[in-house]
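*Asks:* Next up, query26.cif (mmCIF, C-alpha atoms (C1' of nucleotides)).
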data_model
#
loop_
_atom_site.label_atom_id
_atom_site.label_comp_id
_atom_site.auth_asym_id
_atom_site.auth_seq_id
_atom_site.Cartn_x
_atom_site.Cartn_y
_atom_site.Cartn_z
CA MET Z 1 -19.74 4.45 13.59
CA SER Z 2 -16.93 5.87 15.73
CA PHE Z 3 -17.40 8.89 17.94
CA SER Z 4 -13.85 9.17 19.23
CA GLU Z 5 -13.18 12.16 16.98
CA VAL Z 6 -15.94 14.16 18.58
CA LEU Z 7 -15.06 13.10 22.07
CA VAL Z 8 -11.49 14.38 22.02
CA PRO Z 9 -11.42 17.86 23.56
CA ALA Z 10 -9.65 20.36 21.33
CA ALA Z 11 -7.55 21.65 24.21
CA LYS Z 12 -5.85 18.28 24.60
CA THR Z 13 -3.60 18.74 21.60
CA ARG Z 14 -2.86 22.44 21.92
CA SER Z 15 0.87 22.98 21.50
CA LEU Z 16 1.41 19.55 20.02
CA VAL Z 17 -0.54 20.52 16.96
CA ALA Z 18 0.79 24.02 16.58
CA ASP Z 19 3.85 23.08 14.52
CA ALA Z 20 1.88 22.58 11.31
CA SER Z 21 1.42 18.87 12.01
CA CYS Z 22 -1.91 17.11 11.87
CA CYS Z 23 -1.45 14.88 14.89
CA ALA Z 24 0.11 14.54 18.26
CA PRO Z 25 2.95 12.05 18.78
CA LEU Z 26 2.01 8.41 19.23
CA GLN Z 27 2.18 8.32 23.01
CA ALA Z 28 0.40 11.65 23.51
CA SER Z 29 -3.18 10.94 22.48
CA VAL Z 30 -5.29 8.47 20.53
CA LEU Z 31 -5.41 9.16 16.82
CA GLY Z 32 -8.92 10.00 15.65
CA GLU Z 33 -10.48 8.56 12.53
CA ALA Z 34 -10.13 11.75 10.54
CA SER Z 35 -6.50 12.26 11.53
CA ALA Z 36 -5.66 8.65 10.67
CA THR Z 37 -7.29 9.02 7.27
CA ALA Z 38 -5.33 12.23 6.70
CA LEU Z 39 -2.03 10.69 7.75
CA ALA Z 40 -2.19 7.32 6.01
CA PRO Z 41 -1.65 8.52 2.41
CA ALA Z 42 1.72 10.01 3.30
CA PHE Z 43 2.91 6.69 4.71
CA ALA Z 44 1.42 4.90 1.71
CA ALA Z 45 3.60 7.06 -0.51
CA LEU Z 46 6.63 5.78 1.40
CA ALA Z 47 5.53 2.15 1.08
CA ASP Z 48 7.46 1.49 -2.12
CA PRO Z 49 11.25 0.98 -2.44
CA ALA Z 50 11.43 2.99 -5.67
CA ARG Z 51 9.77 5.98 -4.02
CA LEU Z 52 11.99 5.74 -0.95
CA ARG Z 53 15.02 5.85 -3.22
CA LEU Z 54 13.55 8.76 -5.21
CA LEU Z 55 12.97 10.71 -2.01
CA SER Z 56 16.49 9.89 -0.89
CA LEU Z 57 17.98 10.94 -4.21
CA ILE Z 58 16.09 14.23 -4.07
CA ALA Z 59 16.98 14.91 -0.42
CA THR Z 60 20.69 14.29 -1.04
CA ALA Z 61 20.86 16.25 -4.29
CA PRO Z 62 23.54 19.00 -4.38
CA ALA Z 63 21.37 22.13 -4.23
CA GLY Z 64 18.55 20.51 -2.28
CA GLU Z 65 16.70 19.81 -5.47
CA ALA Z 66 16.93 17.26 -8.27
CA CYS Z 67 15.98 17.23 -11.94
CA ALA Z 68 13.69 14.43 -13.06
CA CYS Z 69 16.12 13.73 -15.85
CA ASP Z 70 18.71 12.64 -13.27
CA LEU Z 71 16.33 10.31 -11.44
CA ILE Z 72 15.36 7.82 -14.14
CA GLU Z 73 18.67 6.05 -14.62
CA PRO Z 74 19.43 5.46 -10.89
CA ILE Z 75 15.97 3.99 -10.29
CA GLY Z 76 16.27 1.53 -13.15
CA LYS Z 77 12.61 1.75 -14.11
CA SER Z 78 10.93 3.17 -17.21
CA GLN Z 79 10.37 6.92 -17.58
CA PRO Z 80 6.56 6.68 -17.15
CA THR Z 81 7.01 4.60 -14.02
CA VAL Z 82 9.40 7.10 -12.46
CA SER Z 83 7.08 9.95 -13.44
CA HIS Z 84 4.20 8.07 -11.79
CA HIS Z 85 6.14 7.57 -8.56
CA LEU Z 86 7.13 11.24 -8.47
CA LYS Z 87 3.49 12.19 -8.87
CA VAL Z 88 2.55 9.95 -5.95
CA LEU Z 89 5.16 11.66 -3.79
CA VAL Z 90 3.94 15.10 -4.88
CA ASP Z 91 0.28 14.23 -4.29
CA ALA Z 92 1.18 12.97 -0.82
CA GLY Z 93 2.84 16.31 -0.11
CA LEU Z 94 6.26 14.77 0.52
CA ILE Z 95 8.01 16.68 -2.28
CA HIS Z 96 7.43 19.82 -4.32
CA ARG Z 97 7.55 20.01 -8.09
CA GLU Z 98 8.73 23.06 -10.03
CA LYS Z 99 8.73 23.18 -13.81
CA ARG Z 100 11.60 25.26 -15.17
CA GLY Z 101 11.71 25.32 -18.93
CA VAL Z 102 11.66 21.77 -20.19
CA TRP Z 103 12.84 20.30 -16.94
CA ALA Z 104 10.98 19.42 -13.74
CA TRP Z 105 12.80 20.03 -10.47
CA TYR Z 106 11.90 18.35 -7.23
CA ARG Z 107 12.75 19.21 -3.65
CA PRO Z 108 11.67 17.63 -0.37
CA ASN Z 109 8.84 19.12 1.71
CA THR Z 110 10.56 19.21 5.06
CA ASP Z 111 7.41 20.33 6.87
CA LYS Z 112 5.56 17.21 5.82
CA LEU Z 113 8.52 14.98 6.62
CA ASN Z 114 8.77 16.54 10.08
CA GLU Z 115 5.06 15.98 10.58
CA LEU Z 116 5.48 12.25 9.94
CA ARG Z 117 8.58 12.17 12.08
CA SER Z 118 6.94 13.84 15.06
CA PHE Z 119 3.99 11.48 14.79
CA LEU Z 120 6.31 8.49 15.19
CA GLY Z 121 7.96 10.07 18.23
CA MET U 1 19.97 -3.67 -13.55
CA SER U 2 21.15 -1.25 -10.87
CA PHE U 3 24.66 -1.37 -9.49
CA SER U 4 24.35 1.39 -6.93
CA GLU U 5 24.25 -1.08 -4.05
CA VAL U 6 27.62 -2.53 -4.96
CA LEU U 7 29.19 0.85 -5.56
CA VAL U 8 28.46 2.22 -2.09
CA PRO U 9 31.51 1.67 0.14
CA ALA U 10 30.59 0.05 3.43
CA ALA U 11 32.58 2.60 5.40
CA LYS U 12 30.29 5.39 4.24
CA THR U 13 27.52 4.52 6.68
CA ARG U 14 29.64 3.59 9.68
CA SER U 15 28.26 5.27 12.79
CA LEU U 16 24.97 6.14 11.15
CA VAL U 17 24.04 2.49 11.02
CA ALA U 18 25.26 1.57 14.48
CA ASP U 19 22.09 2.57 16.33
CA ALA U 20 20.19 -0.53 15.27
CA SER U 21 18.71 1.28 12.28
CA CYS U 22 18.99 0.02 8.74
CA CYS U 23 19.62 3.37 7.07
CA ALA U 24 21.09 6.77 7.41
CA PRO U 25 18.81 9.82 7.58
CA LEU U 26 17.41 11.14 4.31
CA GLN U 27 19.92 13.93 3.77
CA ALA U 28 22.93 11.86 4.78
CA SER U 29 23.36 9.39 1.95
CA VAL U 30 21.47 7.85 -0.94
CA LEU U 31 19.35 4.88 0.03
CA GLY U 32 20.53 1.67 -1.62
CA GLU U 33 18.17 -0.79 -3.25
CA ALA U 34 18.50 -3.34 -0.47
CA SER U 35 17.92 -0.76 2.26
CA ALA U 36 14.89 0.62 0.46
CA THR U 37 13.42 -2.86 0.10
CA ALA U 38 14.03 -3.48 3.80
CA LEU U 39 12.46 -0.20 4.87
CA ALA U 40 9.37 -0.09 2.65
CA PRO U 41 7.31 -2.82 4.41
CA ALA U 42 7.36 -0.88 7.68
CA PHE U 43 5.93 2.18 5.97
CA ALA U 44 3.44 -0.04 4.13
CA ALA U 45 2.19 -1.23 7.51
CA LEU U 46 1.50 2.40 8.42
CA ALA U 47 -0.34 3.05 5.16
CA ASP U 48 -3.78 2.20 6.53
CA PRO U 49 -5.92 4.36 8.84
CA ALA U 50 -7.10 1.38 10.88
CA ARG U 51 -3.50 0.32 11.56
CA LEU U 52 -2.46 3.86 12.47
CA ARG U 53 -5.26 3.97 15.01
CA LEU U 54 -4.36 0.52 16.33
CA LEU U 55 -0.75 1.60 16.79
CA SER U 56 -1.95 4.78 18.49
CA LEU U 57 -4.31 2.87 20.78
CA ILE U 58 -1.50 0.50 21.77
CA ALA U 59 1.04 3.28 22.30
CA THR U 60 -1.32 5.27 24.52
CA ALA U 61 -2.52 2.27 26.52
CA PRO U 62 -2.15 2.61 30.32
CA ALA U 63 0.68 0.15 30.98
CA GLY U 64 2.32 0.59 27.59
CA GLU U 65 0.48 -2.44 26.30
CA ALA U 66 -3.04 -3.19 25.11
CA CYS U 67 -5.21 -6.30 25.00
CA ALA U 68 -6.64 -7.24 21.60
CA CYS U 69 -10.03 -7.48 23.23
CA ASP U 70 -9.96 -3.73 23.86
CA LEU U 71 -9.00 -2.86 20.29
CA ILE U 72 -11.91 -4.28 18.30
CA GLU U 73 -14.67 -1.96 19.41
CA PRO U 74 -12.74 1.35 18.95
CA ILE U 75 -11.69 0.37 15.43
CA GLY U 76 -15.22 -0.46 14.34
CA LYS U 77 -14.21 -3.34 12.10
CA SER U 78 -14.81 -7.07 12.44
CA GLN U 79 -12.68 -9.21 14.75
CA PRO U 80 -10.90 -11.03 11.88
CA THR U 81 -10.12 -7.71 10.22
CA VAL U 82 -8.61 -6.26 13.39
CA SER U 83 -6.65 -9.47 13.94
CA HIS U 84 -5.35 -9.21 10.38
CA HIS U 85 -4.22 -5.62 10.86
CA LEU U 86 -2.48 -6.52 14.12
CA LYS U 87 -0.64 -9.30 12.31
CA VAL U 88 0.50 -6.87 9.63
CA LEU U 89 1.89 -4.55 12.33
CA VAL U 90 3.62 -7.47 14.06
CA ASP U 91 5.10 -8.81 10.81
CA ALA U 92 6.40 -5.33 10.02
CA GLY U 93 8.13 -5.26 13.39
CA LEU U 94 6.22 -2.21 14.60
CA ILE U 95 4.61 -3.94 17.59
CA HIS U 96 5.25 -7.04 19.72
CA ARG U 97 2.67 -9.69 20.50
CA GLU U 98 2.57 -11.64 23.77
CA LYS U 99 -0.02 -14.31 24.47
CA ARG U 100 -1.01 -14.44 28.14
CA GLY U 101 -3.67 -17.00 28.85
CA VAL U 102 -6.56 -16.41 26.52
CA TRP U 103 -5.60 -12.86 25.75
CA ALA U 104 -3.09 -11.37 23.35
CA TRP U 105 -1.20 -8.30 24.54
CA TYR U 106 0.47 -5.87 22.21
CA ARG U 107 3.10 -3.22 22.87
CA PRO U 108 4.94 -0.88 20.48
CA ASN U 109 8.44 -1.70 19.25
CA THR U 110 10.12 1.60 19.99
CA ASP U 111 13.37 0.58 18.31
CA LYS U 112 11.61 0.07 15.00
CA LEU U 113 9.63 3.29 15.38
CA ASN U 114 12.84 5.19 16.10
CA GLU U 115 14.44 3.64 13.05
CA LEU U 116 11.69 5.00 10.84
CA ARG U 117 11.80 8.33 12.61
CA SER U 118 15.53 8.76 12.19
CA PHE U 119 15.25 7.86 8.51
CA LEU U 120 12.82 10.74 7.97
CA GLY U 121 15.12 13.19 9.71
"C1'" DC D 1 6.75 26.80 -38.37
"C1'" DC D 2 9.16 22.62 -37.64
"C1'" DA D 3 11.89 19.10 -35.51
"C1'" DG D 4 13.65 17.51 -31.23
"C1'" DT D 5 13.31 16.76 -26.46
"C1'" DA D 6 11.46 16.34 -21.38
"C1'" DG D 7 8.14 14.57 -19.02
"C1'" DA D 8 3.16 13.78 -18.06
"C1'" DT D 9 -0.94 10.88 -19.24
"C1'" DT D 10 -3.45 6.81 -20.87
"C1'" DG D 11 -4.69 1.97 -21.16
"C1'" DA D 12 -3.89 -2.55 -19.96
"C1'" DC D 13 -2.29 -6.32 -17.18
"C1'" DG D 14 -0.92 -9.18 -13.13
"C1'" DG D 15 -0.36 -9.16 -8.40
"C1'" DA D 16 -1.20 -7.29 -3.78
"C1'" DT D 17 -4.53 -5.60 -0.19
"C1'" DG D 18 -8.80 -4.68 2.90
"C1'" DT D 19 -12.83 -6.76 4.28
"C1'" DC D 20 -15.92 -10.22 6.21
"C1'" DG D 21 -18.31 -14.81 7.27
"C1'" DA D 22 -17.10 -19.26 8.47
"C1'" DT D 23 -14.10 -22.16 10.70
"C1'" DG D 24 -10.01 -23.66 13.43
"C1'" DT D 25 -7.00 -23.57 17.72
"C1'" DG D 26 -5.98 -23.17 22.31
"C1'" DT D 27 -7.31 -21.68 27.08
"C1'" DT D 28 -10.39 -21.31 31.13
"C1'" DC D 29 -13.83 -22.73 34.20
"C1'" DA D 30 -17.33 -25.83 35.95
"C1'" DT V 1 -15.07 -33.91 29.69
"C1'" DG V 2 -17.47 -30.30 27.83
"C1'" DA V 3 -19.13 -25.60 27.21
"C1'" DA V 4 -17.71 -20.90 26.58
"C1'" DC V 5 -14.53 -17.65 25.20
"C1'" DA V 6 -10.43 -15.09 22.75
"C1'" DC V 7 -8.10 -14.99 18.93
"C1'" DA V 8 -6.01 -16.75 14.53
"C1'" DT V 9 -6.63 -18.61 9.98
"C1'" DC V 10 -9.08 -19.61 5.64
"C1'" DG V 11 -11.62 -18.63 1.40
"C1'" DA V 12 -13.72 -15.40 -1.42
"C1'" DC V 13 -14.53 -11.01 -3.28
"C1'" DA V 14 -13.85 -6.21 -4.84
"C1'" DT V 15 -10.58 -2.80 -5.09
"C1'" DC V 16 -6.11 -0.80 -5.36
"C1'" DC V 17 -1.21 -0.63 -6.99
"C1'" DG V 18 3.25 -1.12 -9.79
"C1'" DT V 19 4.70 -1.53 -14.27
"C1'" DC V 20 5.41 -0.58 -19.16
"C1'" DA V 21 4.46 0.59 -24.25
"C1'" DA V 22 2.21 3.98 -26.64
"C1'" DT V 23 0.74 8.50 -26.88
"C1'" DC V 24 0.07 13.33 -25.66
"C1'" DT V 25 1.67 18.08 -24.14
"C1'" DA V 26 4.65 21.76 -23.88
"C1'" DC V 27 8.99 24.03 -24.29
"C1'" DT V 28 13.39 25.04 -27.03
"C1'" DG V 29 16.44 26.09 -30.89
"C1'" DG V 30 16.83 26.79 -35.68
#
Spit out the file's structure as structure tokens when you get a sec.

*Replies:*
Amino acid sequence: MSFSEVLVPAAKTRSLVADASCCAPLQASVLGEASATALAPAFAALADPARLRLLSLIATAPAGEACACDLIEPIGKSQPTVSHHLKVLVDAGLIHREKRGVWAWYRPNTDKLNELRSFLG
Amino acid sequence: MSFSEVLVPAAKTRSLVADASCCAPLQASVLGEASATALAPAFAALADPARLRLLSLIATAPAGEACACDLIEPIGKSQPTVSHHLKVLVDAGLIHREKRGVWAWYRPNTDKLNELRSFLG
DNA sequence: CCAGTAGATTGACGGATGTCGATGTGTTCA
DNA sequence: TGAACACATCGACATCCGTCAATCTACTGG
């Protein structure tokens, strides 16, 4: 029903969109329907305290990455629940998962985090 | 079940918390349970495409504020639905509402937006 | 090959959320 | 006062989400 997406000239968001982000900052231009739909899932992934703490634990981990085995106890939830939350963060593109042997290692996706950050600014 | 909140010395987040934000940036320190619970609702408010577009419409409005009457048509949802979404944004502290006569005017809460932004960085 | 372990998946449940029609509240203008 | 308007609230519905016990998958060491 909305035509705003089509009506926004491509040139309007030139350099603002060049840094691998999907959208211009809030004050720069009106967010189109498609961009909003693309952006919302990332914020949805941050909409839970457990996931915010998981992201924080991963971002502050010694070598920039954290083993799943070290994330269950601090969160205080069951292993399946923590695994579920980590999957949500991965699917939203906020963290990367790497399986090494038996263990799964997670590290933040700084590009995606910067994309969200620049949208808010 | 988690004691991490109690174990974090208050002095650890001194100047990082002074700028009206609830939490230090992601890499700075581990997010406590209370901080995570305080921060999550703001991200939850951003977890819907319609609300992202509303926030964008308000932030890009001519005088830095937008009338509710101008927000219904671009969103393409019913008036009660738009009113509901605006309430969610207000309750999350992301925008301010001001009733002037018959109209309701909304403007972004830049402090709150900066708080979220600094958390991501 | 087998036993042990890390972690992902499944199934189920209760509670939260998006949506809209109908209705309520408060303001403006005649 | 009363009609018209802007917006909020209510009630209902379908869907989504967080959580956990149980189970499955895949890797490791013997």

*Asks:* Once the PyMOL selection byres ((chain U) within 9 of (chain V)) has been applied to the shown file, what residues remain in the selection, as a list in words?

*Replies:*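 Applied to this file, the PyMOL selection byres ((chain U) within 9 of (chain V)) selects Ala68, Cys69, Gln79, Pro80, Ser83, His84, Val102, Trp103 and Ala104 of chain U.
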
*Asks:* Return the Cα root-mean-square deviation, in Å, for chain U superposed on chain Z by least squares with the Cα atoms paired in order.

*Replies:*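 That comparison of chain Z with chain U gives 0.3 Å.
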
*Asks:* Go ahead and find all residues with at least one atom no further than 9 Å from (-6.8, 6.0, 7.1) in the file's coordinates, using only C-alpha atoms (C1' of nucleotides); report them as a list in words.

*Replies:*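 With a cut-off of 9 Å, the residues come to Glu33, Ala34, Ser35, Ala36, Thr37, Ala38, Leu39, Ala40 and Pro41 of chain Z; Ala47, Asp48, Pro49, Ala50, Arg51, Leu52 and Arg53 of chain U.
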
*Asks:* Give me, please, the distance in Å between atom C1' of DT23 of chain D and atom CA of Ile95 of chain U, quoted to one decimal.

*Replies:*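 Computing it gives 27.0 Å between the two atoms.
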
*Asks:* Using the chain letters and numbers from this file, what does the PyMOL selection byres ((chain D) within 9 of (chain Z)) select? Give the answer as an MDAnalysis selection string.

*Replies:* chainID D and resid 5:9
